[in-house]
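Chemist: Next comes the structure file upload02.cif, holding mmCIF, C-alpha atoms.
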```cif
data_input
loop_
_atom_site.group_PDB
_atom_site.id
_atom_site.type_symbol
_atom_site.label_atom_id
_atom_site.label_comp_id
_atom_site.auth_asym_id
_atom_site.auth_seq_id
_atom_site.Cartn_x
_atom_site.Cartn_y
_atom_site.Cartn_z
ATOM 1 C CA MET D 1 -105.597 -7.520 23.395
ATOM 2 C CA ALA D 2 -103.121 -9.240 25.705
ATOM 3 C CA LYS D 3 -102.713 -12.007 23.115
ATOM 4 C CA ASP D 4 -102.076 -9.616 20.240
ATOM 5 C CA ILE D 5 -99.329 -10.961 18.019
ATOM 6 C CA ARG D 6 -97.381 -7.779 18.600
ATOM 7 C CA PHE D 7 -97.157 -8.632 22.324
ATOM 8 C CA GLU D 8 -95.699 -12.092 21.759
ATOM 9 C CA GLY D 9 -93.144 -13.024 24.406
ATOM 10 C CA ALA D 10 -94.576 -10.557 26.926
ATOM 11 C CA TYR D 11 -97.864 -12.290 27.743
ATOM 12 C CA THR D 12 -97.870 -13.454 31.383
ATOM 13 C CA GLY D 13 -100.801 -15.881 31.187
ATOM 14 C CA ASN D 14 -104.268 -15.743 32.689
ATOM 15 C CA LYS D 15 -103.111 -17.053 36.087
ATOM 16 C CA PRO D 16 -99.807 -17.541 37.915
ATOM 17 C CA ASP D 17 -99.505 -21.265 37.173
ATOM 18 C CA ALA D 18 -100.497 -20.997 33.505
ATOM 19 C CA LYS D 19 -97.705 -19.004 31.900
ATOM 20 C CA PRO D 20 -96.773 -19.533 28.239
ATOM 21 C CA GLU D 21 -93.497 -21.168 27.277
ATOM 22 C CA ASN D 22 -92.072 -17.930 25.888
ATOM 23 C CA TYR D 23 -93.013 -15.967 29.015
ATOM 24 C CA ASP D 24 -90.633 -13.168 29.958
ATOM 25 C CA ASN D 25 -88.784 -13.249 26.628
ATOM 26 C CA ARG D 26 -89.320 -9.550 25.956
ATOM 27 C CA ALA D 27 -90.821 -6.362 27.346
ATOM 28 C CA ILE D 28 -93.076 -4.025 25.372
ATOM 29 C CA PRO D 29 -92.114 -0.322 25.335
ATOM 30 C CA LEU D 30 -94.774 1.778 27.014
ATOM 31 C CA ASP D 31 -95.447 4.112 24.080
ATOM 32 C CA TYR D 32 -95.832 1.199 21.684
ATOM 33 C CA PHE D 33 -98.114 -0.587 24.154
ATOM 34 C CA VAL D 34 -100.363 2.487 24.435
ATOM 35 C CA ASP D 35 -100.588 2.829 20.649
ATOM 36 C CA VAL D 36 -101.596 -0.820 20.206
ATOM 37 C CA ILE D 37 -104.222 -0.580 22.935
ATOM 38 C CA ALA D 38 -105.695 2.574 21.384
ATOM 39 C CA GLU D 39 -105.861 0.866 18.004
ATOM 40 C CA ARG D 40 -107.601 -2.197 19.406
ATOM 41 C CA ILE D 41 -110.123 -0.081 21.355
ATOM 42 C CA GLU D 42 -110.963 1.897 18.240
ATOM 43 C CA GLU D 43 -111.406 -1.347 16.316
ATOM 44 C CA HIS D 44 -113.637 -2.696 19.078
ATOM 45 C CA ASN D 45 -115.898 0.359 19.108
ATOM 46 C CA SER D 46 -116.204 0.610 15.310
ATOM 47 C CA ARG D 47 -117.180 -3.021 14.742
ATOM 48 C CA GLN D 48 -120.674 -3.382 13.229
ATOM 49 C CA GLY D 49 -123.407 -5.799 14.241
ATOM 50 C CA ARG D 50 -123.587 -5.135 17.961
ATOM 51 C CA LEU D 51 -126.667 -6.803 19.469
ATOM 52 C CA SER D 52 -127.139 -4.657 22.576
ATOM 53 C CA PRO D 53 -130.596 -3.044 23.128
ATOM 54 C CA THR D 54 -129.221 0.399 22.277
ATOM 55 C CA ALA D 55 -126.938 -0.585 19.386
ATOM 56 C CA ARG D 56 -129.475 -2.769 17.516
ATOM 57 C CA GLY D 57 -126.958 -3.949 14.941
ATOM 58 C CA ARG D 58 -124.937 -0.762 14.770
ATOM 59 C CA SER D 59 -121.421 -0.138 16.128
ATOM 60 C CA PHE D 60 -120.715 1.331 19.540
ATOM 61 C CA ASP D 61 -119.329 4.473 17.902
ATOM 62 C CA GLU D 62 -122.566 5.090 15.984
ATOM 63 C CA THR D 63 -124.664 4.397 19.051
ATOM 64 C CA PHE D 64 -122.619 6.822 21.154
ATOM 65 C CA ALA D 65 -122.677 9.546 18.498
ATOM 66 C CA GLU D 66 -126.478 9.411 18.296
ATOM 67 C CA SER D 67 -126.961 9.674 22.066
ATOM 68 C CA TYR D 68 -124.280 12.334 22.448
ATOM 69 C CA ALA D 69 -125.939 14.586 19.891
ATOM 70 C CA SER D 70 -129.311 14.601 21.640
ATOM 71 C CA ALA D 71 -128.388 14.315 25.335
ATOM 72 C CA PRO D 72 -127.364 17.273 27.518
ATOM 73 C CA ILE D 73 -123.647 16.915 28.257
ATOM 74 C CA ARG D 74 -122.066 18.331 31.376
ATOM 75 C CA LYS D 75 -118.498 19.261 30.663
ATOM 76 C CA ALA D 76 -115.800 19.419 33.296
ATOM 77 C CA THR D 77 -114.542 22.821 34.252
ATOM 78 C CA GLU D 78 -110.959 23.896 33.802
ATOM 79 C CA GLY D 79 -110.360 23.420 37.507
ATOM 80 C CA GLN D 80 -111.741 19.893 37.375
ATOM 81 C CA ARG D 81 -109.600 19.025 34.391
ATOM 82 C CA ARG D 82 -106.526 20.119 36.336
ATOM 83 C CA LEU D 83 -107.250 17.381 38.831
ATOM 84 C CA TRP D 84 -107.199 14.623 36.195
ATOM 85 C CA LEU D 85 -104.101 12.461 36.478
ATOM 86 C CA MET D 86 -102.344 15.234 38.368
ATOM 87 C CA GLY D 87 -99.805 14.722 41.103
ATOM 88 C CA GLN D 88 -99.881 16.942 44.149
ATOM 89 C CA ALA D 89 -97.202 18.339 46.440
ATOM 90 C CA THR D 90 -97.065 21.077 49.038
ATOM 91 C CA GLY D 91 -94.320 23.640 49.112
ATOM 92 C CA LYS D 92 -93.310 27.118 50.145
ATOM 93 C CA LEU D 93 -92.562 29.936 47.743
ATOM 94 C CA ASN D 94 -89.141 31.505 48.008
ATOM 95 C CA LYS D 95 -89.186 34.440 50.416
ATOM 96 C CA ASP D 96 -87.134 36.612 48.040
ATOM 97 C CA ASN D 97 -88.512 36.026 44.531
ATOM 98 C CA GLY D 98 -91.484 33.700 45.049
ATOM 99 C CA GLN D 99 -90.191 30.829 42.918
ATOM 100 C CA LEU D 100 -91.108 27.260 43.830
ATOM 101 C CA GLN D 101 -88.591 24.437 44.046
ATOM 102 C CA LEU D 102 -90.091 21.036 43.361
ATOM 103 C CA PHE D 103 -88.146 17.813 42.736
ATOM 104 C CA LYS D 104 -85.016 19.956 42.242
ATOM 105 C CA ASN D 105 -86.683 21.937 39.439
ATOM 106 C CA PHE D 106 -87.523 25.633 39.766
ATOM 107 C CA TYR D 107 -90.929 27.024 38.754
ATOM 108 C CA HIS D 108 -91.785 30.695 38.519
ATOM 109 C CA SER D 109 -94.218 33.203 37.108
ATOM 110 C CA GLU D 110 -94.477 36.971 37.482
ATOM 111 C CA TRP D 111 -97.455 36.878 39.849
ATOM 112 C CA MET D 112 -95.609 34.581 42.293
ATOM 113 C CA SER D 113 -93.360 37.424 43.463
ATOM 114 C CA GLU D 114 -96.343 38.973 45.248
ATOM 115 C CA LEU D 115 -96.862 35.757 47.260
ATOM 116 C CA ALA D 116 -93.247 35.241 48.350
ATOM 117 C CA GLY D 117 -92.957 33.044 51.437
ATOM 118 C CA LYS D 118 -96.510 31.660 51.145
ATOM 119 C CA LYS D 119 -97.265 27.941 51.473
ATOM 120 C CA VAL D 120 -99.084 26.530 48.435
ATOM 121 C CA ILE D 121 -100.224 23.321 46.747
ATOM 122 C CA ALA D 122 -98.658 22.454 43.394
ATOM 123 C CA ARG D 123 -100.396 20.154 40.903
ATOM 124 C CA PHE D 124 -98.311 18.652 38.125
ATOM 125 C CA ASN D 125 -98.119 15.939 35.514
ATOM 126 C CA PRO D 126 -96.167 13.081 37.131
ATOM 127 C CA GLU D 127 -94.876 11.982 33.732
ATOM 128 C CA ASP D 128 -93.622 15.416 32.682
ATOM 129 C CA LEU D 129 -92.379 17.657 35.459
ATOM 130 C CA TYR D 130 -90.902 20.049 32.903
ATOM 131 C CA SER D 131 -94.375 20.973 31.600
ATOM 132 C CA GLY D 132 -95.033 23.294 34.546
ATOM 133 C CA VAL D 133 -97.257 23.276 37.622
ATOM 134 C CA HIS D 134 -100.633 24.654 38.625
ATOM 135 C CA ILE D 135 -100.533 26.376 41.990
ATOM 136 C CA GLU D 136 -103.420 26.589 44.441
ATOM 137 C CA THR D 137 -103.968 27.701 48.015
ATOM 138 C CA PHE D 138 -104.789 25.249 50.779
ATOM 139 C CA ASP D 139 -108.484 26.161 50.551
ATOM 140 C CA GLY D 140 -108.587 25.175 46.861
ATOM 141 C CA SER D 141 -108.373 28.653 45.309
ATOM 142 C CA TYR D 142 -106.510 28.619 42.021
ATOM 143 C CA LEU D 143 -103.574 31.023 41.870
ATOM 144 C CA GLY D 144 -102.115 30.381 38.447
ATOM 145 C CA PHE D 145 -99.725 28.437 36.280
ATOM 146 C CA ALA D 146 -95.947 28.469 36.686
ATOM 147 C CA GLU D 147 -93.611 27.217 34.015
ATOM 148 C CA CYS D 148 -90.398 25.360 34.706
ATOM 149 C CA ARG D 149 -87.699 28.024 34.463
ATOM 150 C CA GLN D 150 -84.765 25.852 35.541
ATOM 151 C CA LYS D 151 -84.948 22.242 34.378
ATOM 152 C CA VAL D 152 -82.124 20.951 36.538
ATOM 153 C CA GLY D 153 -83.974 18.241 38.444
ATOM 154 C CA PHE D 154 -86.039 15.209 37.554
ATOM 155 C CA PHE D 155 -88.094 14.866 34.394
ATOM 156 C CA ASP D 156 -90.801 12.711 35.969
ATOM 157 C CA LEU D 157 -92.017 11.656 39.384
ATOM 158 C CA ILE D 158 -90.747 8.106 38.951
ATOM 159 C CA GLY D 159 -87.192 9.359 38.676
ATOM 160 C CA ALA D 160 -87.625 11.519 41.764
ATOM 161 C CA LYS D 161 -88.993 8.615 43.791
ATOM 162 C CA GLU D 162 -86.228 6.332 42.579
ATOM 163 C CA GLU D 163 -83.637 8.878 43.661
ATOM 164 C CA ALA D 164 -85.305 9.155 47.067
ATOM 165 C CA ARG D 165 -85.215 5.365 47.441
ATOM 166 C CA ARG D 166 -81.563 5.324 46.441
ATOM 167 C CA LYS D 167 -80.729 7.910 49.094
ATOM 168 C CA ARG D 168 -82.604 5.903 51.707
ATOM 169 C CA ARG D 169 -80.628 2.795 50.758
ATOM 170 C CA ILE D 170 -77.392 4.750 51.044
ATOM 171 C CA ALA D 171 -78.395 6.123 54.443
ATOM 172 C CA LYS D 172 -79.299 2.630 55.640
ATOM 173 C CA ALA D 173 -75.991 1.223 54.406
ATOM 174 C CA GLN D 174 -74.085 4.031 56.120
ATOM 175 C CA LYS D 175 -75.933 3.335 59.355
ATOM 176 C CA GLU D 176 -75.058 -0.365 59.162
ATOM 177 C CA LEU D 177 -71.432 0.533 58.436
ATOM 178 C CA LEU D 178 -71.394 2.828 61.461
ATOM 179 C CA GLU D 179 -72.740 0.031 63.643
ATOM 180 C CA ALA D 180 -70.033 -2.294 62.306
ATOM 181 C CA HIS D 181 -67.257 0.173 63.223
ATOM 182 C CA ARG D 182 -68.757 1.180 66.563
ATOM 183 C CA PRO D 183 -66.873 -0.152 69.647
ATOM 184 C CA LEU D 184 -68.407 -2.961 71.659
ATOM 185 C CA SER D 185 -71.036 -2.023 74.194
ATOM 186 C CA THR D 186 -70.668 -2.734 77.908
ATOM 187 C CA GLN D 187 -73.114 -5.629 77.677
ATOM 188 C CA GLN D 188 -71.121 -7.229 74.857
ATOM 189 C CA ILE D 189 -67.861 -6.892 76.795
ATOM 190 C CA VAL D 190 -69.416 -8.474 79.897
ATOM 191 C CA ALA D 191 -70.822 -11.338 77.825
ATOM 192 C CA GLY D 192 -67.404 -11.959 76.300
ATOM 193 C CA MET D 193 -65.743 -11.993 79.712
ATOM 194 C CA ASP D 194 -68.299 -14.484 81.035
ATOM 195 C CA ALA D 195 -67.773 -16.764 78.051
ATOM 196 C CA ARG D 196 -64.013 -16.612 78.464
ATOM 197 C CA THR D 197 -64.245 -17.419 82.172
ATOM 198 C CA ALA D 198 -66.249 -20.542 81.385
ATOM 199 C CA GLU D 199 -63.499 -21.742 79.043
ATOM 200 C CA LEU D 200 -60.638 -21.363 81.523
ATOM 201 C CA SER D 201 -58.864 -24.566 82.445
ATOM 202 C CA GLU D 202 -58.859 -26.010 85.937
ATOM 203 C CA ARG D 203 -56.895 -23.919 88.381
ATOM 204 C CA VAL D 204 -53.288 -25.071 88.820
ATOM 205 C CA GLN D 205 -52.476 -26.386 92.285
ATOM 206 C CA ALA D 206 -49.461 -24.950 94.086
ATOM 207 C CA LYS D 207 -46.402 -27.213 94.225
ATOM 208 C CA VAL D 208 -44.758 -25.469 97.211
ATOM 209 C CA VAL D 209 -46.622 -25.430 100.528
ATOM 210 C CA SER D 210 -45.644 -22.918 103.221
ATOM 211 C CA PRO D 211 -45.461 -24.291 106.757
ATOM 212 C CA VAL D 212 -47.983 -23.129 109.318
ATOM 213 C CA PHE D 213 -46.645 -22.574 112.823
ATOM 214 C CA SER D 214 -48.687 -22.448 115.974
ATOM 215 C CA LYS D 215 -48.888 -19.139 117.807
ATOM 216 C CA ASP D 216 -48.766 -20.899 121.196
ATOM 217 C CA PRO D 217 -45.256 -21.028 122.700
ATOM 218 C CA VAL D 218 -43.683 -24.435 122.828
ATOM 219 C CA SER D 219 -41.277 -25.161 125.655
ATOM 220 C CA VAL D 220 -38.110 -26.736 124.369
ATOM 221 C CA PRO D 221 -35.568 -27.948 126.947
ATOM 222 C CA ARG D 222 -32.099 -26.462 126.618
ATOM 223 C CA HIS D 223 -30.568 -29.863 127.152
ATOM 224 C CA GLN D 224 -31.687 -33.264 127.988
ATOM 225 C CA VAL D 225 -31.143 -34.373 131.563
ATOM 226 C CA THR D 226 -28.657 -37.193 131.774
ATOM 227 C CA SER D 227 -27.081 -39.079 134.647
ATOM 228 C CA ASP D 228 -23.788 -39.740 132.846
ATOM 229 C CA PRO D 229 -20.993 -38.550 135.247
ATOM 230 C CA ALA D 230 -18.695 -37.508 132.397
ATOM 231 C CA VAL D 231 -21.382 -35.320 130.817
ATOM 232 C CA VAL D 232 -22.269 -33.753 134.155
ATOM 233 C CA GLU D 233 -18.615 -32.946 134.850
ATOM 234 C CA ALA D 234 -18.090 -31.398 131.409
ATOM 235 C CA ARG D 235 -21.182 -29.236 131.783
ATOM 236 C CA LYS D 236 -20.018 -27.911 135.142
ATOM 237 C CA ALA D 237 -16.602 -27.066 133.729
ATOM 238 C CA PHE D 238 -18.219 -25.155 130.791
ATOM 239 C CA GLU D 239 -20.467 -23.157 133.094
ATOM 240 C CA ALA D 240 -17.471 -22.254 135.282
ATOM 241 C CA ARG D 241 -15.534 -20.936 132.280
ATOM 242 C CA VAL D 242 -18.470 -18.809 131.142
ATOM 243 C CA GLU D 243 -18.874 -17.333 134.603
ATOM 244 C CA GLN D 244 -15.160 -16.529 134.821
ATOM 245 C CA ARG D 245 -15.220 -14.802 131.422
ATOM 246 C CA GLN D 246 -18.161 -12.635 132.427
ATOM 247 C CA LYS D 247 -16.283 -11.486 135.539
ATOM 248 C CA SER D 248 -13.131 -10.580 133.600
ATOM 249 C CA ASP D 249 -15.027 -8.670 130.871
ATOM 250 C CA PRO D 250 -17.700 -6.686 132.669
ATOM 251 C CA LYS D 251 -20.519 -5.057 130.737
ATOM 252 C CA PRO D 252 -19.617 -1.478 129.739
ATOM 253 C CA LYS D 253 -21.332 1.229 131.620
ATOM 254 C CA ALA D 254 -23.986 3.226 129.853
ATOM 255 C CA VAL D 255 -22.680 6.489 128.511
ATOM 256 C CA GLY D 256 -24.676 9.553 129.403
ATOM 257 C CA ARG D 257 -25.767 12.329 127.048
ATOM 258 C CA PHE D 258 -22.770 14.115 125.506
ATOM 259 C CA GLN D 259 -22.394 17.786 126.412
ATOM 260 C CA PRO D 260 -20.413 19.756 123.790
ATOM 261 C CA ALA D 261 -18.121 22.623 124.780
ATOM 262 C CA SER D 262 -19.348 26.190 124.924
ATOM 263 C CA THR D 263 -16.782 27.859 122.603
ATOM 264 C CA PRO D 264 -16.240 27.188 118.885
ATOM 265 C CA ARG D 265 -12.564 26.325 119.315
ATOM 266 C CA GLU D 266 -13.312 23.849 122.098
ATOM 267 C CA ARG D 267 -16.141 22.258 120.096
ATOM 268 C CA PHE D 268 -13.786 21.788 117.158
ATOM 269 C CA GLN D 269 -11.247 20.181 119.469
ATOM 270 C CA ASP D 270 -13.920 17.857 120.882
ATOM 271 C CA ALA D 271 -14.759 16.793 117.352
ATOM 272 C CA LYS D 272 -11.098 16.075 116.610
ATOM 273 C CA ASP D 273 -10.792 14.007 119.792
ATOM 274 C CA ILE D 274 -13.852 11.917 118.916
ATOM 275 C CA ILE D 275 -12.512 11.335 115.397
ATOM 276 C CA ALA D 276 -9.134 10.294 116.814
ATOM 277 C CA LYS D 277 -10.781 7.810 119.197
ATOM 278 C CA SER D 278 -12.786 6.391 116.297
ATOM 279 C CA GLU D 279 -9.684 5.997 114.150
ATOM 280 C CA ALA D 280 -7.895 4.319 117.075
ATOM 281 C CA GLY D 281 -10.720 1.799 117.428
ATOM 282 C CA LYS D 282 -11.783 2.961 120.862
ATOM 283 C CA ARG D 283 -15.339 2.914 122.100
ATOM 284 C CA ILE D 284 -17.398 6.073 121.490
ATOM 285 C CA GLY D 285 -20.611 6.908 123.234
ATOM 286 C CA SER D 286 -23.808 7.122 121.260
ATOM 287 C CA GLY D 287 -24.228 10.754 122.317
ATOM 288 C CA GLU D 288 -20.766 11.613 121.027
ATOM 289 C CA ALA D 289 -21.398 9.840 117.739
ATOM 290 C CA ASP D 290 -24.737 11.608 117.185
ATOM 291 C CA TRP D 291 -23.255 15.016 118.004
ATOM 292 C CA LEU D 292 -20.265 14.476 115.708
ATOM 293 C CA ARG D 293 -22.427 13.494 112.725
ATOM 294 C CA SER D 294 -24.406 16.712 112.987
ATOM 295 C CA TYR D 295 -21.443 18.965 113.907
ATOM 296 C CA ILE D 296 -19.215 18.109 110.941
ATOM 297 C CA GLU D 297 -21.978 19.357 108.624
ATOM 298 C CA LEU D 298 -21.941 22.835 110.178
ATOM 299 C CA PRO D 299 -19.977 25.777 108.699
ATOM 300 C CA GLU D 300 -18.149 26.124 112.036
ATOM 301 C CA TYR D 301 -16.436 22.767 111.730
ATOM 302 C CA ARG D 302 -15.742 23.200 108.028
ATOM 303 C CA GLY D 303 -14.143 26.594 108.628
ATOM 304 C CA PHE D 304 -11.783 25.363 111.361
ATOM 305 C CA HIS D 305 -10.983 22.285 109.304
ATOM 306 C CA LYS D 306 -10.001 24.338 106.240
ATOM 307 C CA VAL D 307 -7.830 26.674 108.319
ATOM 308 C CA GLU D 308 -6.080 23.700 109.844
ATOM 309 C CA GLN D 309 -5.501 22.151 106.415
ATOM 310 C CA PHE D 310 -4.011 25.404 105.074
ATOM 311 C CA ALA D 311 -1.727 25.639 108.105
ATOM 312 C CA LYS D 312 -0.448 22.105 107.572
ATOM 313 C CA ARG D 313 0.158 22.887 103.888
ATOM 314 C CA ASP D 314 2.158 26.005 104.751
ATOM 315 C CA ASP D 315 4.258 24.113 107.291
ATOM 316 C CA ALA D 316 4.981 21.443 104.748
ATOM 317 C CA GLY D 317 6.027 24.077 102.201
#
```
Could you write out this file's structure as structure tokens?

Modeler:
Amino acid sequence: MAKDIRFEGAYTGNKPDAKPENYDNRAIPLDYFVDVIAERIEEHNSRQGRLSPTARGRSFDETFAESYASAPIRKATEGQRRLWLMGQATGKLNKDNGQLQLFKNFYHSEWMSELAGKKVIARFNPEDLYSGVHIETFDGSYLGFAECRQKVGFFDLIGAKEEARRKRRIAKAQKELLEAHRPLSTQQIVAGMDARTAELSERVQAKVVSPVFSKDPVSVPRHQVTSDPAVVEARKAFEARVEQRQKSDPKPKAVGRFQPASTPRERFQDAKDIIAKSEAGKRIGSGEADWLRSYIELPEYRGFHKVEQFAKRDDAG
């Protein structure tokens, strides 16, 4: 049958390394293939002259008809016939109306409303999901037939499986895309840093070197000892001048802590005196300077100062 002239171009050969020259030139439609096979089987069974012990020159059809007429035949029950070439899937009936959703199609019958929310087994024709389903319990009890009320899903099981595979491919591609956009992990960052460190050039040497001084004191002579009479005489004269200058300009005595006056008017006058000495270039004690800096910020000084300024302005006017 595989070499039937009607299958020319689709024959694959009797082994992988013995394919015909016109292999894979065409594909045979399934319905046409089934019709040709049925025709060839019928021709095979009706051929006369079979030499088997039971046929004895007759055809296989005649031999079968004779034995079938006289032999007790056990016929399959309706439940057994439902199992022939049937697909199987488990599902749960809708809790409100009892309908069953299977491969995006909806199946329902009147009796299913009484079993709403129950888990069942659905048996169906994989090649025709629109033809309805037979529903059973998990212990094998037959519940009934449900027709396809809403044909909005797949027509056959192949289409449903292909759609499931397509969704898995999409999910896998989305996962790979997510991994591609995900930031680097800590391990990847560390590996990159290590690789970059290995590629760094040799460290640049400093061009400027700071001096390092010893912490131990080094005695350095103020002057070199010499026996030259002229140098000795000049040194003595210099030392005499320095000594004379120190006597004529004695070191100023330390100034004690400044004691401001007790009344506001006297304190203001003390401040004016210190300012006058400063403007005249005379020496001011540290106590006086500290007191003046803090006093001129007080409202007392500012008040007396403003009154004095107004008085001078009136006199000038």

Chemist: Can you work out the spacing between atom CA of D:Gly192 and atom CA of D:Ala180 in Å, to one decimal?

Modeler: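 These two atoms are separated by 17.2 Å.
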
Chemist: Given only C-alpha atoms as the basis, pick out the residue of D:Lys236, D:Thr186, D:Pro126, D:Asp31 nearest to D:Lys161.

Modeler: D:Pro126

Chemist: Please identify all polymer residues lying at most 9 Å from the point (-100.6, 27.6, 53.0) (file coordinates), using only C-alpha atoms, and present the result as an mmCIF file with C-alpha atoms, in the coordinates of the input.

Modeler:
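This went into selection-v1.cif:
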```
data_model
loop_
_atom_site.group_PDB
_atom_site.id
_atom_site.type_symbol
_atom_site.label_atom_id
_atom_site.label_comp_id
_atom_site.auth_asym_id
_atom_site.auth_seq_id
_atom_site.Cartn_x
_atom_site.Cartn_y
_atom_site.Cartn_z
ATOM 1 C CA THR D 90 -97.065 21.077 49.038
ATOM 2 C CA GLY D 91 -94.320 23.640 49.112
ATOM 3 C CA LYS D 92 -93.310 27.118 50.145
ATOM 4 C CA LYS D 118 -96.510 31.660 51.145
ATOM 5 C CA LYS D 119 -97.265 27.941 51.473
ATOM 6 C CA VAL D 120 -99.084 26.530 48.435
ATOM 7 C CA ILE D 121 -100.224 23.321 46.747
ATOM 8 C CA THR D 137 -103.968 27.701 48.015
ATOM 9 C CA PHE D 138 -104.789 25.249 50.779
ATOM 10 C CA ASP D 139 -108.484 26.161 50.551
#
```

Chemist: Can you turn the PyMOL selection byres ((chain D and resi 302-317) around 9) into a concrete residue list for this file, as number ranges by chain?

Modeler: D: 264-265, 268, 296-301

Chemist: Name all residues at most 9 Å from stretch 109-114 of chain D (count all atoms listed in the file; drop same-chain ones fewer than 2 positions away) and give them as JSON, numbers by chain.

Modeler: {"D": [93, 94, 95, 96, 97, 98, 99, 100, 107, 116, 143, 144, 145, 146, 147, 149]}
